[in-house]
Amino acid sequence: MRHSLHDVGLDQMDEMLTEQVDPRYGEIDAASVEELARLMNEADATVPAAVRAAMRQIVPAIEAVTDRLARGGRLFYVGAGTAGRIGVLDASECVPTFSTPPDLVQGIIAGGPEAILNASEGAEDDVDAGARAIADHGVTAADAVIGIAASGRTPFVLAAVRAARLRGALTVSLSCNLATPLSDEAEYPIEVPVGPEVLAGSTRLKAGTAQKLVLNMISTIAMVRLGKTYGNLMVDLRATNAKLRERAVRIVQAVTGADRGRAEAALQQAGLDVKLAILIVGRDLDVDEAQHRLTAAQGRLRAALEADR
């Protein structure tokens, strides 16, 4: 059933799991710090099980997103408030972790970049802005768009997902309630009902944790499937600081068995490109030969190492 974007059932808030008041937490203002910490930890411990229960929805969504990325499409996360910030966070971390182009995975938040640091809660009700954000980012049928909203009813997100689907983009939804309007809008709905929050209605808590766990899966698994890792090693990382340069050296050593001096020298030859450095050492190549072999393997290090053995 399609819902009007201007009538998303806010009169039914009492029925939403994320808005319910749990009597177990009815006197937290009188609890000690230790009691509060224990209660919150116990509540948080239920989130992974809720994510696990949604795996039948999560897996096909990841497969569909990965297929779009493999064919040259982009991935967009769309959200408002906490959900928007979590999307922006996950998107921004793909660049240093996997050396993705900055535009490959993008976060769109209601209210624009200013809303990342400064709350702009009214922006979530702007239907026109949601549709406009999809147009402004040039979303096409090649792309994938994931709408994130704990309530599953945020007008900005609903409008963005609907606009993306009209453009032929793959659409995924991620909400923490059941049978939501957002689920109706998406081809691949994901619902992770985490139940009432310790602080009633504060979806930056369990709901936010669930969203981060699911986005971790989507981005990480997609990148693994696209050849951005070698085993569980981040061979596509950008060695932009001392810690990451040290990690790069250790990765080259781990894959090739080279001593530290050889690994460092190869990284310098490769301009700190870990994959190229591994090929230089592991297959005794110069930089140009390593680059040619990696390109022929479509950037997949395992295939490049094993070719012609």
# chains A, B, ... in the order shown; residues from 1 in each chain; ligands from 1
>>> residues_around(residues="segment 268-281 of chain A", least_positions_apart="3", cutoff="10 Å", atoms="only C-alpha atoms", output="ChimeraX atom specification")
/A:99,228-230,234-240,245,247-249,251-258,262-265,284-294,299-302,304-305
>>> closest_atom_pairs(of="segment 145-235 of chain A", to="segment 70-84 of chain A", cutoff="6 Å", atoms="only C-alpha atoms", output="tab-separated table")
residue	atom	partner	partner_atom	distance
A:Val145	CA	A:Phe76	CA	4.7
A:Ile146	CA	A:Tyr77	CA	4.9
A:Gly147	CA	A:Val78	CA	4.8
A:Ile148	CA	A:Gly79	CA	5.0
A:Ala149	CA	A:Ala83	CA	5.9
A:Val157	CA	A:Gly79	CA	5.8
A:Arg204	CA	A:Thr82	CA	5.8
>>> write_last_selection(atoms="N, CA and C atoms", output="short mmCIF file (atom, residue, chain, number, x, y, z; two decimals), in the first residue's frame")
data_model
loop_
_atom_site.label_atom_id
_atom_site.label_comp_id
_atom_site.auth_asym_id
_atom_site.auth_seq_id
_atom_site.Cartn_x
_atom_site.Cartn_y
_atom_site.Cartn_z
N VAL A 145 19.94 3.31 -3.67
CA VAL A 145 19.60 4.28 -2.62
C VAL A 145 19.02 3.54 -1.43
N ILE A 146 19.59 3.80 -0.26
CA ILE A 146 19.10 3.17 0.97
C ILE A 146 18.51 4.25 1.87
N GLY A 147 17.21 4.17 2.11
CA GLY A 147 16.53 5.10 2.99
C GLY A 147 16.55 4.56 4.42
N ILE A 148 17.00 5.40 5.36
CA ILE A 148 17.15 4.97 6.75
C ILE A 148 16.25 5.82 7.63
N ALA A 149 15.38 5.18 8.38
CA ALA A 149 14.50 5.90 9.31
C ALA A 149 14.01 4.93 10.36
N VAL A 157 12.78 11.12 3.95
CA VAL A 157 13.33 9.84 3.48
C VAL A 157 12.35 9.15 2.55
N ARG A 204 18.32 7.27 18.90
CA ARG A 204 19.77 7.28 18.74
C ARG A 204 20.39 6.13 19.55
#
>>> select_by_dssp(residues="segment 28-267 of chain A", states="strand (DSSP E)", output="PDB file with C-alpha atoms, in the first residue's frame")
ATOM      1  CA  LEU A  75      25.426   3.937  -3.327  1.00  0.00           C
ATOM      2  CA  PHE A  76      23.510   6.642  -1.463  1.00  0.00           C
ATOM      3  CA  TYR A  77      22.362   6.569   2.158  1.00  0.00           C
ATOM      4  CA  VAL A  78      19.453   8.917   2.908  1.00  0.00           C
ATOM      5  CA  GLY A  79      18.308   9.809   6.405  1.00  0.00           C
ATOM      6  CA  VAL A 105      29.284   5.896  -1.427  1.00  0.00           C
ATOM      7  CA  GLN A 106      27.556   9.089  -0.329  1.00  0.00           C
ATOM      8  CA  GLY A 107      25.457  10.139   2.636  1.00  0.00           C
ATOM      9  CA  ILE A 108      22.504  12.496   2.203  1.00  0.00           C
ATOM     10  CA  ILE A 109      21.099  14.050   5.384  1.00  0.00           C
ATOM     11  CA  ALA A 144      21.354   2.201  -5.292  1.00  0.00           C
ATOM     12  CA  VAL A 145      19.604   4.283  -2.624  1.00  0.00           C
ATOM     13  CA  ILE A 146      19.103   3.172   0.971  1.00  0.00           C
ATOM     14  CA  GLY A 147      16.529   5.102   2.994  1.00  0.00           C
ATOM     15  CA  ILE A 148      17.155   4.965   6.748  1.00  0.00           C
ATOM     16  CA  LEU A 170      17.621   0.207  -6.723  1.00  0.00           C
ATOM     17  CA  THR A 171      15.877   1.092  -3.453  1.00  0.00           C
ATOM     18  CA  VAL A 172      16.439  -0.374   0.006  1.00  0.00           C
ATOM     19  CA  SER A 173      14.820   0.722   3.266  1.00  0.00           C
ATOM     20  CA  LEU A 174      16.071   0.288   6.810  1.00  0.00           C
ATOM     21  CA  SER A 175      13.646   0.879   9.662  1.00  0.00           C
ATOM     22  CA  TYR A 188      14.224  -4.368  -0.593  1.00  0.00           C
ATOM     23  CA  PRO A 189      12.721  -3.488   2.797  1.00  0.00           C
ATOM     24  CA  ILE A 190      14.756  -4.258   5.909  1.00  0.00           C
ATOM     25  CA  GLU A 191      12.954  -4.073   9.250  1.00  0.00           C
TER      26      GLU A 191
END
>>> closest_residue(among="A:Pro48, A:Pro96, A:Gly195, A:Pro181", to="Ala210 of chain A", atoms="only C-alpha atoms")
A:Pro48
>>> atom_distance(atom1="atom CA of Val224 of chain A", atom2="atom CA of Arg56 of chain A")
19.6 Å
>>> residues_around(residues="Ile86 of chain A", least_positions_apart="4", cutoff="8 Å", atoms="only C-alpha atoms", output="PyMOL selection string")
chain A and resi 82+90+208+211-212
>>> residues_around(residues="Asp22 of chain A", least_positions_apart="4", cutoff="10 Å", atoms="only C-alpha atoms", output="list in words")
Leu17, Gly26, Gly195, Pro196, Glu197, Val198, Leu199 and Ala200 of chain A
>>> write_last_selection(atoms="N, CA and C atoms", output="mmCIF file, in the first residue's frame")
data_model
loop_
_atom_site.group_PDB
_atom_site.id
_atom_site.type_symbol
_atom_site.label_atom_id
_atom_site.label_comp_id
_atom_site.auth_asym_id
_atom_site.auth_seq_id
_atom_site.Cartn_x
_atom_site.Cartn_y
_atom_site.Cartn_z
ATOM 1 N N LEU A 17 6.832 0.564 17.732
ATOM 2 C CA LEU A 17 7.692 -0.007 18.768
ATOM 3 C C LEU A 17 8.695 1.006 19.298
ATOM 4 N N GLY A 26 10.980 3.001 33.968
ATOM 5 C CA GLY A 26 10.128 4.094 34.418
ATOM 6 C C GLY A 26 10.701 4.953 35.522
ATOM 7 N N GLY A 195 12.459 -2.800 19.554
ATOM 8 C CA GLY A 195 11.609 -2.590 20.722
ATOM 9 C C GLY A 195 11.799 -1.231 21.359
ATOM 10 N N PRO A 196 11.123 -0.976 22.476
ATOM 11 C CA PRO A 196 11.195 0.325 23.145
ATOM 12 C C PRO A 196 12.611 0.663 23.596
ATOM 13 N N GLU A 197 12.911 1.945 23.575
ATOM 14 C CA GLU A 197 14.224 2.415 24.010
ATOM 15 C C GLU A 197 14.239 2.622 25.530
ATOM 16 N N VAL A 198 15.428 2.585 26.097
ATOM 17 C CA VAL A 198 15.578 2.884 27.529
ATOM 18 C C VAL A 198 15.017 4.274 27.817
ATOM 19 N N LEU A 199 15.365 5.215 26.953
ATOM 20 C CA LEU A 199 14.808 6.559 27.020
ATOM 21 C C LEU A 199 13.739 6.614 25.929
ATOM 22 N N ALA A 200 12.483 6.558 26.325
ATOM 23 C CA ALA A 200 11.377 6.350 25.385
ATOM 24 C C ALA A 200 11.456 7.283 24.181
#
